[in-house]
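The block underneath contains the structure these notes are about, expressed in structure tokens.
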Amino acid sequence: MSFLRRRSATPAGPDFDVLAMDPGDWPGNLGAGLLPAPDGSCQGVFLRYDLFGGRGPAMIIGNLPEGSPAREVEQDEVPFEVAQLLLALENDEEVTVVGSEDVPVMQGDNLLIVRRLKLSESRISCVQFDRSDHVLVTIAAWDRPITDDLYALLKPLPAELFQQG
């Protein structure tokens with residue numbers, strides 16, 4: 001998959017392509033966050049899609065490269081993106097992972113093995129998959145199921161979106 005390769009030049013933002021939904025295709029507000037390392041490198045990018053008119057996000061999509069500390073979670077601990085979703089919703093309930101299943105999903109001509117996480121909070125849907133460049137993509141949605149149609153909307157976002165201006 002050509003869009004999953006690392007960029008050769010180092011942009012001002014992440015040194016990997018960010019796979020998410022194009023902000024122009026989203027009817028609500030979009031926020032993006034970078035996770036910096038002490039050496040200035042990017043340890044991940046997460047995008048917050050808000051459909052609820054400022055009352056909280058509907059979805060968070062994270063892209064965490066190999067070695068990112070945000071990927072290190074205990075077995076029943078929720079992924080970083082779920083924790084960010086709960087924080088943004090000002091929900092301080094303790095939520096844990098209670099199970100998972102691997103599901104094959106087609107994205108264009110490519111087969112993804114998607115891990116669907118089952119959480120103790122049933123209003124949160126969460127899926128994860130590894131890209132060919134070892135970036136972990138996690139999608140966490142509030143009060144809406146994540147269907148296979150979503151994978152067709154995922155594409156690399158332009159590097160300019162993450163450059164400091």
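Chain labels follow the order of the structure tokens: the first chain is A, the next B, and so on; residue numbering restarts at 1 in every chain, and ligands are counted from 1 in their shown order.
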Just want the 6 Å neighbourhood of segment 136-152 of chain A, counted on only C-alpha atoms, with same-chain residues fewer than 2 positions away dropped. Output as a PyMOL selection string. chain A and resi 58-64+82+107+123-130+154
N, CA, C and O atoms of the current selection, written as a compact mmCIF listing (two decimals), in the first residue's frame:
```txt
# COMPACT_ATOMS: atom_id res chain seq x y z
N ALA A 58 -17.41 12.77 18.74
CA ALA A 58 -18.07 11.55 18.31
C ALA A 58 -17.04 10.46 18.07
O ALA A 58 -17.34 9.28 18.19
N MET A 59 -15.80 10.88 17.73
CA MET A 59 -14.80 9.89 17.35
C MET A 59 -13.39 10.44 17.53
O MET A 59 -13.17 11.63 17.32
N ILE A 60 -12.48 9.58 17.92
CA ILE A 60 -11.06 9.91 17.96
C ILE A 60 -10.32 8.83 17.18
O ILE A 60 -10.56 7.63 17.38
N ILE A 61 -9.45 9.27 16.25
CA ILE A 61 -8.63 8.34 15.49
C ILE A 61 -7.18 8.64 15.82
O ILE A 61 -6.73 9.78 15.68
N GLY A 62 -6.46 7.63 16.29
CA GLY A 62 -5.06 7.79 16.64
C GLY A 62 -4.15 7.02 15.71
O GLY A 62 -4.54 5.96 15.20
N ASN A 63 -2.98 7.57 15.48
CA ASN A 63 -1.92 6.91 14.70
C ASN A 63 -0.68 6.94 15.57
O ASN A 63 -0.11 8.00 15.81
N LEU A 64 -0.27 5.78 16.09
CA LEU A 64 0.87 5.69 17.00
C LEU A 64 1.95 4.81 16.38
O LEU A 64 1.73 3.63 16.14
N VAL A 82 -9.16 5.84 23.63
CA VAL A 82 -10.37 5.70 24.45
C VAL A 82 -10.25 6.59 25.68
O VAL A 82 -11.21 7.28 26.06
N GLN A 107 -10.16 -2.97 2.79
CA GLN A 107 -10.04 -1.53 2.57
C GLN A 107 -9.53 -1.38 1.16
O GLN A 107 -8.34 -1.54 0.88
N ARG A 123 -21.21 2.04 25.42
CA ARG A 123 -21.44 3.16 24.49
C ARG A 123 -20.18 3.51 23.70
O ARG A 123 -20.24 4.33 22.79
N ILE A 124 -19.06 2.90 24.04
CA ILE A 124 -17.81 3.15 23.30
C ILE A 124 -17.53 1.98 22.38
O ILE A 124 -17.50 0.83 22.81
N SER A 125 -17.31 2.29 21.10
CA SER A 125 -16.84 1.31 20.12
C SER A 125 -15.37 1.58 19.89
O SER A 125 -14.96 2.74 19.78
N CYS A 126 -14.58 0.52 19.78
CA CYS A 126 -13.14 0.70 19.57
C CYS A 126 -12.59 -0.41 18.69
O CYS A 126 -12.87 -1.59 18.93
N VAL A 127 -11.82 0.00 17.67
CA VAL A 127 -11.13 -0.96 16.80
C VAL A 127 -9.69 -0.52 16.62
O VAL A 127 -9.36 0.66 16.76
N GLN A 128 -8.83 -1.49 16.32
CA GLN A 128 -7.41 -1.21 16.08
C GLN A 128 -6.93 -2.07 14.92
O GLN A 128 -7.40 -3.20 14.74
N PHE A 129 -5.97 -1.52 14.16
CA PHE A 129 -5.28 -2.34 13.17
C PHE A 129 -3.88 -1.79 12.97
O PHE A 129 -3.62 -0.60 13.18
N ASP A 130 -2.96 -2.67 12.59
CA ASP A 130 -1.57 -2.30 12.33
C ASP A 130 -1.41 -2.06 10.84
O ASP A 130 -1.87 -2.86 10.02
N LEU A 154 -11.07 6.14 5.23
CA LEU A 154 -9.73 6.43 5.75
C LEU A 154 -8.75 6.65 4.61
O LEU A 154 -8.72 5.89 3.65
```
DSSP strand (DSSP E) residues within chain A, listed as a ChimeraX atom specification: /A:19-21,29-36,42-50,59-64,97-107,110-119,124-130,136-142,154-156
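Of the listed residues (A:Ala37, A:Leu87, A:Ile113, A:Ala32), A:Ala32 comes nearest to Val18 of chain A; the distances count only C-alpha atoms.
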Distance query Pro65 of chain A at most 9 Å, only C-alpha atoms, self and fewer than 5 positions along chain excluded, as a VMD selection string: chain A and resid 16 42 to 44 71 133 to 137
I need the residues in segment 53-104 of chain A that are alpha helix (DSSP H) according to DSSP; give them as a ChimeraX atom specification. /A:80-88
With distances taken over only C-alpha atoms, which residue among A:Asn91, A:Pro57, A:Glu66, A:Asp76 lies nearest Ser132 of chain A? A:Glu66
Glu101 of chain A: which residues within 8 Å, counting only C-alpha atoms, same-chain residues fewer than 2 positions away excluded, as a JSON list (two decimals) with C-alpha atoms, in the first residue's frame?
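As a result, part.json now contains:
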```json
[["chain", "number", "residue", "atom", "x", "y", "z"],
["A", 99, "GLY", "CA", -12.39, -8.88, 25.44],
["A", 103, "VAL", "CA", -12.05, -9.57, 12.11],
["A", 115, "ARG", "CA", -9.10, -6.03, 16.36],
["A", 116, "ARG", "CA", -12.50, -5.10, 17.81],
["A", 117, "LEU", "CA", -12.16, -4.32, 21.51]]
```
Residues near Val73 of chain A, cut-off 12 Å, only C-alpha atoms, skip fewer than 5 positions along chain, as a ChimeraX atom specification: /A:68,78-83,96-97
Could you take the residues named above and write them with all heavy atoms, as a PDB file, in the first residue's frame?
```
ATOM      1  N   SER A  68       6.114   4.133  20.384  1.00  0.00           N
ATOM      2  CA  SER A  68       5.409   5.207  21.083  1.00  0.00           C
ATOM      3  C   SER A  68       4.980   4.720  22.464  1.00  0.00           C
ATOM      4  O   SER A  68       4.363   3.662  22.592  1.00  0.00           O
ATOM      5  CB  SER A  68       4.171   5.639  20.300  1.00  0.00           C
ATOM      6  OG  SER A  68       3.412   6.569  21.050  1.00  0.00           O
ATOM      7  N   VAL A  78      -7.570   0.441  28.734  1.00  0.00           N
ATOM      8  CA  VAL A  78      -8.074   0.946  27.455  1.00  0.00           C
ATOM      9  C   VAL A  78      -6.957   1.626  26.669  1.00  0.00           C
ATOM     10  O   VAL A  78      -6.010   2.148  27.251  1.00  0.00           O
ATOM     11  CB  VAL A  78      -9.246   1.939  27.660  1.00  0.00           C
ATOM     12  CG1 VAL A  78     -10.438   1.248  28.303  1.00  0.00           C
ATOM     13  CG2 VAL A  78      -8.831   3.169  28.447  1.00  0.00           C
ATOM     14  N   PRO A  79      -7.073   1.631  25.338  1.00  0.00           N
ATOM     15  CA  PRO A  79      -6.087   2.338  24.522  1.00  0.00           C
ATOM     16  C   PRO A  79      -6.105   3.842  24.814  1.00  0.00           C
ATOM     17  O   PRO A  79      -7.097   4.394  25.300  1.00  0.00           O
ATOM     18  CB  PRO A  79      -6.550   2.067  23.087  1.00  0.00           C
ATOM     19  CG  PRO A  79      -7.421   0.871  23.170  1.00  0.00           C
ATOM     20  CD  PRO A  79      -8.046   0.904  24.529  1.00  0.00           C
ATOM     21  N   PHE A  80      -5.009   4.504  24.460  1.00  0.00           N
ATOM     22  CA  PHE A  80      -4.843   5.938  24.638  1.00  0.00           C
ATOM     23  C   PHE A  80      -6.040   6.723  24.084  1.00  0.00           C
ATOM     24  O   PHE A  80      -6.539   7.653  24.701  1.00  0.00           O
ATOM     25  CB  PHE A  80      -3.541   6.370  23.940  1.00  0.00           C
ATOM     26  CG  PHE A  80      -3.352   7.850  23.854  1.00  0.00           C
ATOM     27  CD1 PHE A  80      -2.900   8.569  24.946  1.00  0.00           C
ATOM     28  CD2 PHE A  80      -3.631   8.522  22.674  1.00  0.00           C
ATOM     29  CE1 PHE A  80      -2.726   9.945  24.860  1.00  0.00           C
ATOM     30  CE2 PHE A  80      -3.452   9.892  22.581  1.00  0.00           C
ATOM     31  CZ  PHE A  80      -3.003  10.602  23.678  1.00  0.00           C
ATOM     32  N   GLU A  81      -6.516   6.341  22.898  1.00  0.00           N
ATOM     33  CA  GLU A  81      -7.590   7.070  22.234  1.00  0.00           C
ATOM     34  C   GLU A  81      -8.899   6.981  23.021  1.00  0.00           C
ATOM     35  O   GLU A  81      -9.661   7.941  23.072  1.00  0.00           O
ATOM     36  CB  GLU A  81      -7.788   6.543  20.807  1.00  0.00           C
ATOM     37  CG  GLU A  81      -6.609   6.803  19.892  1.00  0.00           C
ATOM     38  CD  GLU A  81      -5.436   5.845  20.078  1.00  0.00           C
ATOM     39  OE1 GLU A  81      -5.524   4.893  20.893  1.00  0.00           O
ATOM     40  OE2 GLU A  81      -4.406   6.027  19.412  1.00  0.00           O
ATOM     41  N   VAL A  82      -9.163   5.841  23.628  1.00  0.00           N
ATOM     42  CA  VAL A  82     -10.371   5.700  24.452  1.00  0.00           C
ATOM     43  C   VAL A  82     -10.250   6.593  25.684  1.00  0.00           C
ATOM     44  O   VAL A  82     -11.205   7.279  26.062  1.00  0.00           O
ATOM     45  CB  VAL A  82     -10.608   4.230  24.857  1.00  0.00           C
ATOM     46  CG1 VAL A  82     -11.741   4.113  25.874  1.00  0.00           C
ATOM     47  CG2 VAL A  82     -10.906   3.380  23.621  1.00  0.00           C
ATOM     48  N   ALA A  83      -9.061   6.623  26.285  1.00  0.00           N
ATOM     49  CA  ALA A  83      -8.848   7.496  27.451  1.00  0.00           C
ATOM     50  C   ALA A  83      -9.042   8.956  27.063  1.00  0.00           C
ATOM     51  O   ALA A  83      -9.647   9.738  27.821  1.00  0.00           O
ATOM     52  CB  ALA A  83      -7.448   7.270  28.023  1.00  0.00           C
ATOM     53  N   THR A  96     -12.681  -0.548  31.271  1.00  0.00           N
ATOM     54  CA  THR A  96     -11.647  -1.545  31.008  1.00  0.00           C
ATOM     55  C   THR A  96     -11.974  -2.324  29.737  1.00  0.00           C
ATOM     56  O   THR A  96     -13.115  -2.325  29.268  1.00  0.00           O
ATOM     57  CB  THR A  96     -11.519  -2.550  32.181  1.00  0.00           C
ATOM     58  OG1 THR A  96     -12.780  -3.202  32.354  1.00  0.00           O
ATOM     59  CG2 THR A  96     -11.114  -1.848  33.463  1.00  0.00           C
ATOM     60  N   VAL A  97     -10.959  -2.990  29.213  1.00  0.00           N
ATOM     61  CA  VAL A  97     -11.145  -3.889  28.081  1.00  0.00           C
ATOM     62  C   VAL A  97     -11.564  -5.243  28.649  1.00  0.00           C
ATOM     63  O   VAL A  97     -10.892  -5.787  29.518  1.00  0.00           O
ATOM     64  CB  VAL A  97      -9.845  -4.031  27.264  1.00  0.00           C
ATOM     65  CG1 VAL A  97     -10.006  -5.058  26.152  1.00  0.00           C
ATOM     66  CG2 VAL A  97      -9.423  -2.686  26.697  1.00  0.00           C
TER      67      VAL A  97
END
```
Any idea what the distance is between atom CA of Gly108 of chain A and atom CA of Lys155 of chain A? 10.8 Å
